[in-house]
Every structure is written in structure tokens, then in C-alpha cells.
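Here is the structure we will look at, set down as C-alpha cells.
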Amino acid sequence: MTFRIGPRTSQIIAYTILLLMTVIVVIVLFFIIFYILKNGIGQLTLEFLTDKTREMGKEGGIFPSILGTIFITVFAILIATPLGVGSAVYLVEYTRGGMIRRIISFGADCLAGVPSIIFGLFGFIFFVITMNLGWSIVSGGLTLAVMIMPTIIRTSEEAIKSVPHTYREISYSLGGGKLDTIVRVVLPTALPGILTGVILGIGRAVGETAAVIFTAGSSLGLPTSVFSSTRTLAVHFYILAREGISMPKAYGTAAVLIIIILAINFIAYRLMHRFIARYY
Amino acid sequence: MKDKIAEKILLFIALSAILSLALITFFIFQQGIPLIFKAGLANFFSLKWAPTRAGFGILSMIIGSLMVTVGALAVGVPFGLAGAIFLAEFSSKTIQKTLKPIIELLAGIPSVVYGFIGIVILVPFIRNTFGGPGFSVLAASIILGIMILPTIVSISYDALLAVPTTYREGSYAVGATKWQTVVMLLIPAARSGIVAGIILGMGRAIGETMAVIMIAGNALKIPGSIFDSVRTLTSTIALELGYAAGDHRAALFACGSILFLIIIVLNIFAIRITGRK
């Protein structure tokens, strides 16, 4: 006699296993966040956030790395946003299928899949050496700009696509040209969606290590110009943890990173939600 | 007139992504490929990595990269698919709305934080439970598996949701259970999207650097078991780029070229599979 499991039983078994596995995934995520915050939050004093880094990070705070992270991220966003949003506008408003669209989409998709160490290698040989920008905020920012561009293109594209067609038609019927319509009607309407992409880009830039360490360097001094080398929070955390310089400081820096990432994801989620609620 | 100029400028901007990709390809290959020919294929695909003494063998790193990637898939694919199926087919709207952003948050956590969790929790656990150094193929596989989860979950989830509702209704109408519908209808129908998700996850695993450096041990030999230390292509680049010069640096770009080729091939596969729909 063969033993067979009935469809009802297999349904219950499958459901239980799927539920368990999903619960495990969620627990792992919360555990990572909880563990870092639990061990790091005690380090977060005003002094830690505003003091210079001393003895390679064993003493003092993380102020230079906070500044470095802000400068590099702002630089990257300033370059990547116009390029990303411009690309998205062109893709949605000026192409209807065809070769050009396929090429541009392919570029964005492929770029999105390139690992950060390849961006590091490229930024190092192109910006640092060939263009002679040295290990600097400029080199790091430009490298990150290339890296986060696909995120901004894709999100903006979705946002611009979801602007109802009637909006454009009304603008045309009032005598608006194509560019006027895009600037005055389409972009303002798509703004929350576009911002979501920019904010997600900021998140990627803040958390990035491999692409920055070889383009912006790891200098601990306070940056004096865009050509100064600097050390971002993620790079500082990596060095603290890997070289075992100071575990408490490493936890503290990790907690700062996690809090930034949580805030960024929360804002992006809220923005996207408001946007979706309005147009779907 | 204004519109014509705007269109030209926008076209130029829109080409920036593909231009960047072209520049990256050119510079990585230009720096790396000549060394492969200079060293000779036999040397390049050998086991001897001594780049300051003309030993440019990257075989152990290629094998290392493949091992941690396969390991990551072994962890990430079952959990990722389970998550996607649970979310798409067995959850209410409220659970979907809560769980999706939570899983996407996993993608936002920086890779150095994953590496750090590996160092402080996973590596000691493996060392105490199974012996050996702890820094191992197993540690790297588990952490990479977690890191590629969001990619697999969200792409498979979208693929499952894209299957028309009528398929499900038809299946229920002939008396199939939810699970039978998932296995016999939905997974086959969403196959291409699921495969694309797995391929992209694979690309993420093979290209990940910082987390792997921190927990894989980085010893230059082919691991004998999953508890042995391992070194990948990516970790070699990141560990040595800081001080490498001359042929040594070129050899690191050669590693980068191989990695880049693998990634581009995987990407093209994934794009073609999803594009066919």
C-alpha cells in the first residue's frame, strides 16, 4: 500500500513551511537591526558625533566621517539627479519603443547590476588616475553618481509614466508646448515619485564602501575643499571592524549608519505611499 | 525651436547611462586584458597567485567566487521563493503592505553591516559548533544568501502577481487547492520572472565584496570543505588594490575584467528573460 498525502494536508504543510520561512527572514532582519542598535546606541553621545577622530578611531568621535559622507553624497546626488531625471523624461516623453529606447534602457539595467567593486576599479583608474582628480570628494562623488544613476532613472521613469495622460492633454489644449508641459505639469506631479528615487539613491551612497574607499581614500582629516581626501562613515566602520581597532566605536558608527538607513527607507516609503494613493 | 533644443539636450543626457557603461567597460578591459595575454592563459588560469613575481593565477579565486555564489543561492533561493510565494499567494493585503517594505529594508542595509554581523555572530558560532577558523565558505554563503534575498523576493513576487487572476480562478473552479495552484500553475507561469530574479541575485552574490572580505578568511587556496577559508575575485581586488603597482595592479584589473564579463553575461540573460514577456 502506498502512502499518499491528500491535497488538503499538503496545502497545510506547504502553508506552514512557507509561513515559517517568511517569519525566519523577518526575524533575521529585525535581529540585525536590533543587535546593532542595542550595542551601538550607548555610544551615541553628542561628543561621539561632533568630536574629531583620534588614534585612528580608538578615541574621539566620527565628525570627520559624518562631514565626508555628507559632502560625497551631496556631490553624487547633484550630478546623478539631473542626469537620471533627464534620462527618465526622455525615455517616457520622447521615445515610443524603438532602438534608442532599448539602448538607453539596456544601459540603465546593466549599470544597475554592476557590482560596487567594479565602480571602485573604474573610479580609481578613470577619475583618480586618468583625470588626475586624486583621492578626493570629487572622485568619490562622481563614482557614486554613476552608481546611483540607474536607481534614479528607474524610479523617475515609473513616476513620470504614472502621471495621467489627461494632464498632458489639458496642458496642450491650453496652448502649452511640450517642454512647458513637462516642466510645469508632468514634473511637479511626478515629484514625490522622483524624490523617492533620489532618497533611495542617497541610501545607496551612504552605505557604499567598495566604490568609495578607492576613489575618496580614507583620510581622517577634516575636508577643506572638494579635492580633499575623506573617509565616509561606511569606510570608517569597515576599517574599525576589520582591523579590530575599537569594537565600541565600531558599534557606535554602525548604529549611526543603521539609523540613517532606517530614516531614509521610512521617508522613501511614506513618499511613495502618498504618491501611489493619489494616482492609482 | 525651444522644444527641439530641449529634445537634443535630453537625448544627450539620456545617453549618459549607456556612455558610463561603455567607459567602465573600456577602462576595466584596457587595464586588465593586456596582462592576460602578457602572462599567457596557462599562467592566468593557474593556481599560483604571486603577482609581484609574475604569478598571475586566479583559478583558486574563480573557484572561490563560484563556491560562495552557489552557497548563497542554496540559502537565498529557497527562502526568497518561499517569501515571495507566501507574500503573493497566502497573505492578505495588509500583510503584503507590511512585509514588502520590511524585506526591501534588507536591501538597504549596507554590506559592511552584514559583514560585521558575520564577524561578531556567525563566524564565532561556526567556529564553536563545527571547529575550524569560522571564517569560511559557510559563513560567506549564509551572509550572501541573506543579502540576495530581497532581489529574489521582490522580482519573483512581481512575477507571481503578474500572472492573470483568471488562471487562479480556473484552477480553484476545478477543485485545486491553493498550494496545487501555486505548484502546477503559478510557478510555471511566472517561471521567467523567477529565473530572472535568481540570476540577478547570483550577480549580486558574485560581485559582493566588503561583506565577503570580512568573513571569508581570504586564504589563497581551494577550500577543501565549506568550513575552510576562501578567497574570491572581488576580495582579491579590494584587498590588494590599495598598494598594488605595475603588473600587479594590471592583474587586479584582469580579475575585474573576468568578474565584469560574468556580470554582463548574467545581466543580459536576466534582461532577455524578462523582456520576452
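Here's how to read the names in the C-alpha cells: chain A, B, ... by the order shown, residue numbers from 1 in each chain, ligand numbers from 1 in the order shown.
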Point to revise | At most 7 Å to chain A: residues in chain B, only C-alpha atoms, as a PyMOL selection string | key: chain B and resi 3+10-11+13-15+17-18+20-21+24+27-28+79+82-83+86+105-106+108-110+112-113+116+177-179+204+207-210+214+234+256+263-264+267
Any chance you could export the current selection's C-alpha atoms as an mmCIF file, in the first residue's frame?
```
data_model
loop_
_atom_site.group_PDB
_atom_site.id
_atom_site.type_symbol
_atom_site.label_atom_id
_atom_site.label_comp_id
_atom_site.auth_asym_id
_atom_site.auth_seq_id
_atom_site.Cartn_x
_atom_site.Cartn_y
_atom_site.Cartn_z
ATOM 1 C CA ASP B 3 11.308 72.160 -27.846
ATOM 2 C CA LEU B 10 17.562 65.393 -23.130
ATOM 3 C CA LEU B 11 18.742 62.788 -25.642
ATOM 4 C CA ILE B 13 21.523 63.262 -21.013
ATOM 5 C CA ALA B 14 19.631 60.038 -21.626
ATOM 6 C CA LEU B 15 22.714 58.534 -23.231
ATOM 7 C CA ALA B 17 23.904 55.660 -18.581
ATOM 8 C CA ILE B 18 24.974 53.723 -21.660
ATOM 9 C CA SER B 20 29.052 55.343 -18.491
ATOM 10 C CA LEU B 21 28.681 51.631 -19.108
ATOM 11 C CA ILE B 24 33.569 51.408 -17.495
ATOM 12 C CA PHE B 27 38.760 51.232 -18.851
ATOM 13 C CA ILE B 28 38.451 47.929 -16.982
ATOM 14 C CA PHE B 79 13.958 31.414 1.453
ATOM 15 C CA ALA B 82 9.159 30.921 -0.020
ATOM 16 C CA GLY B 83 8.877 34.575 0.955
ATOM 17 C CA PHE B 86 3.852 33.479 0.845
ATOM 18 C CA LEU B 105 14.779 47.309 4.023
ATOM 19 C CA LEU B 106 17.076 44.266 3.972
ATOM 20 C CA GLY B 108 19.147 48.953 2.148
ATOM 21 C CA ILE B 109 21.384 47.674 4.952
ATOM 22 C CA PRO B 110 24.997 48.400 3.921
ATOM 23 C CA VAL B 112 29.708 46.323 5.717
ATOM 24 C CA VAL B 113 26.996 45.900 8.352
ATOM 25 C CA PHE B 116 30.147 42.924 10.733
ATOM 26 C CA THR B 177 -6.154 23.786 -3.516
ATOM 27 C CA LYS B 178 -4.140 26.973 -3.275
ATOM 28 C CA TRP B 179 -0.898 25.066 -2.998
ATOM 29 C CA ARG B 204 24.825 40.338 -6.580
ATOM 30 C CA GLY B 207 30.022 40.779 -7.123
ATOM 31 C CA GLU B 208 29.704 41.405 -3.402
ATOM 32 C CA THR B 209 32.970 42.469 -1.864
ATOM 33 C CA MET B 210 33.099 44.036 1.574
ATOM 34 C CA MET B 214 35.197 40.414 6.368
ATOM 35 C CA THR B 234 36.287 40.551 -5.516
ATOM 36 C CA GLY B 256 37.929 42.805 -12.561
ATOM 37 C CA ILE B 263 28.202 40.055 -14.561
ATOM 38 C CA ILE B 264 27.405 41.409 -18.028
ATOM 39 C CA ASN B 267 22.627 40.748 -16.748
#
```
Exercise for review: Would you please extract all helix (DSSP H, G or I) residues from range 94-188 of chain B, as assigned by DSSP on the backbone, and give them as a PyMOL selection string?
Suggested key: chain B and resi 94-108+111-130+137-161+165-173+178-188
Check your understanding: Which residues come within 9 Å of Ala205 in chain B, counting only C-alpha atoms, excluding same-chain residues fewer than 6 positions away, as a PyMOL selection string?
Key -> chain B and resi 65+68-70+72-73+141+144-145+147-148
Could those residues be written to a file, using C-alpha atoms, as a compact mmCIF listing (two decimals), in the first residue's frame?
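This is the output file selection09.txt:
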```
# COMPACT_ATOMS: atom_id res chain seq x y z
CA SER B 65 33.78 33.01 -6.11
CA VAL B 68 30.30 31.23 -2.25
CA THR B 69 27.85 32.09 -5.05
CA VAL B 70 26.44 28.57 -5.17
CA ALA B 72 24.48 31.96 -1.39
CA LEU B 73 21.94 30.61 -3.88
CA SER B 141 27.33 31.74 1.87
CA LEU B 144 25.44 36.46 0.97
CA GLY B 145 22.27 34.36 0.94
CA MET B 147 21.91 39.75 1.11
CA ILE B 148 20.42 38.42 -2.13
```
Practice item. Can you pull out every residue within 10 Å of Asn43 in chain B, counting only C-alpha atoms, but drop anything in the same chain fewer than 2 positions away, and send it as an MDAnalysis selection string? Key: chainID B and resid 36:41 45:49 54:59
**Study point:** One-decimal distance in Å that lies between CA of Ala245 in chain B and CA of Ser229 in chain B
**Key:**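 If I compute the distance from CA of Ser229 in chain B to CA of Ala245 in chain B, I get 26.5 Å.
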Exercise for review: Please run DSSP on the backbone and report, as a ChimeraX atom specification, all residues within range 15-77 of chain A that come out as strand (DSSP E).
Suggested key: /A:53-54,59-60
Take the residues from that selection and put them in a file with C-alpha atoms, as a JSON list (two decimals), in the first residue's frame.
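Full text of result38.json as output:
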```
[["chain", "number", "residue", "atom", "x", "y", "z"],
["A", 53, "THR", "CA", 38.63, 61.07, 15.34],
["A", 54, "ARG", "CA", 41.74, 60.37, 17.41],
["A", 59, "GLU", "CA", 39.41, 57.51, 20.69],
["A", 60, "GLY", "CA", 37.29, 60.52, 19.87]]
```
List the neighbours of Gly217 in chain B out to 10 Å using only C-alpha atoms; skip same-chain residues closer than 2 positions along the sequence, and give me the result as a PDB file with N, CA and C atoms, in the first residue's frame.
```
ATOM      1  N   VAL B 123      30.576  33.964  12.501  1.00  0.00           N
ATOM      2  CA  VAL B 123      31.899  33.335  12.495  1.00  0.00           C
ATOM      3  C   VAL B 123      32.199  32.638  13.838  1.00  0.00           C
ATOM      4  N   PRO B 133      38.405  27.636  11.433  1.00  0.00           N
ATOM      5  CA  PRO B 133      38.607  29.062  11.710  1.00  0.00           C
ATOM      6  C   PRO B 133      37.305  29.859  11.855  1.00  0.00           C
ATOM      7  N   GLY B 134      36.205  29.332  11.377  1.00  0.00           N
ATOM      8  CA  GLY B 134      34.956  30.095  11.418  1.00  0.00           C
ATOM      9  C   GLY B 134      34.812  30.985  10.195  1.00  0.00           C
ATOM     10  N   PHE B 135      35.900  31.674   9.836  1.00  0.00           N
ATOM     11  CA  PHE B 135      35.901  32.470   8.599  1.00  0.00           C
ATOM     12  C   PHE B 135      35.900  31.467   7.459  1.00  0.00           C
ATOM     13  N   SER B 136      34.795  31.332   6.753  1.00  0.00           N
ATOM     14  CA  SER B 136      34.665  30.167   5.888  1.00  0.00           C
ATOM     15  C   SER B 136      33.681  30.373   4.743  1.00  0.00           C
ATOM     16  N   VAL B 137      33.688  29.386   3.835  1.00  0.00           N
ATOM     17  CA  VAL B 137      32.713  29.347   2.747  1.00  0.00           C
ATOM     18  C   VAL B 137      31.300  29.407   3.332  1.00  0.00           C
ATOM     19  N   ALA B 139      30.192  30.659   6.229  1.00  0.00           N
ATOM     20  CA  ALA B 139      29.832  31.987   6.747  1.00  0.00           C
ATOM     21  C   ALA B 139      29.489  32.927   5.594  1.00  0.00           C
ATOM     22  N   ALA B 140      30.352  32.936   4.561  1.00  0.00           N
ATOM     23  CA  ALA B 140      30.123  33.833   3.426  1.00  0.00           C
ATOM     24  C   ALA B 140      28.813  33.476   2.720  1.00  0.00           C
ATOM     25  N   VAL B 212      32.119  39.892   2.056  1.00  0.00           N
ATOM     26  CA  VAL B 212      32.874  38.656   1.858  1.00  0.00           C
ATOM     27  C   VAL B 212      34.286  38.765   2.454  1.00  0.00           C
ATOM     28  N   ILE B 213      34.942  39.903   2.207  1.00  0.00           N
ATOM     29  CA  ILE B 213      36.290  40.087   2.766  1.00  0.00           C
ATOM     30  C   ILE B 213      36.277  39.887   4.269  1.00  0.00           C
ATOM     31  N   MET B 214      35.213  40.414   4.909  1.00  0.00           N
ATOM     32  CA  MET B 214      35.197  40.414   6.368  1.00  0.00           C
ATOM     33  C   MET B 214      35.002  39.023   6.958  1.00  0.00           C
ATOM     34  N   ILE B 215      34.364  38.099   6.226  1.00  0.00           N
ATOM     35  CA  ILE B 215      34.007  36.828   6.857  1.00  0.00           C
ATOM     36  C   ILE B 215      34.518  35.585   6.146  1.00  0.00           C
ATOM     37  N   ALA B 219      42.012  33.069   2.550  1.00  0.00           N
ATOM     38  CA  ALA B 219      43.224  32.272   2.314  1.00  0.00           C
ATOM     39  C   ALA B 219      43.309  31.886   0.838  1.00  0.00           C
ATOM     40  N   LEU B 220      44.558  31.902   0.327  1.00  0.00           N
ATOM     41  CA  LEU B 220      44.755  31.676  -1.105  1.00  0.00           C
ATOM     42  C   LEU B 220      44.874  30.203  -1.443  1.00  0.00           C
ATOM     43  N   ASP B 228      36.260  25.668   5.406  1.00  0.00           N
ATOM     44  CA  ASP B 228      37.567  26.245   5.128  1.00  0.00           C
ATOM     45  C   ASP B 228      37.453  27.701   4.699  1.00  0.00           C
ATOM     46  N   SER B 229      38.561  28.406   4.894  1.00  0.00           N
ATOM     47  CA  SER B 229      38.677  29.783   4.435  1.00  0.00           C
ATOM     48  C   SER B 229      38.678  29.819   2.904  1.00  0.00           C
ATOM     49  N   VAL B 230      38.214  30.929   2.337  1.00  0.00           N
ATOM     50  CA  VAL B 230      38.111  31.016   0.883  1.00  0.00           C
ATOM     51  C   VAL B 230      38.394  32.451   0.454  1.00  0.00           C
ATOM     52  N   ARG B 231      38.928  32.612  -0.769  1.00  0.00           N
ATOM     53  CA  ARG B 231      39.138  33.963  -1.269  1.00  0.00           C
ATOM     54  C   ARG B 231      38.489  34.123  -2.630  1.00  0.00           C
ATOM     55  N   SER B 235      37.331  39.902  -3.404  1.00  0.00           N
ATOM     56  CA  SER B 235      38.137  40.238  -2.221  1.00  0.00           C
ATOM     57  C   SER B 235      39.599  40.452  -2.594  1.00  0.00           C
TER      58      SER B 235
END
```
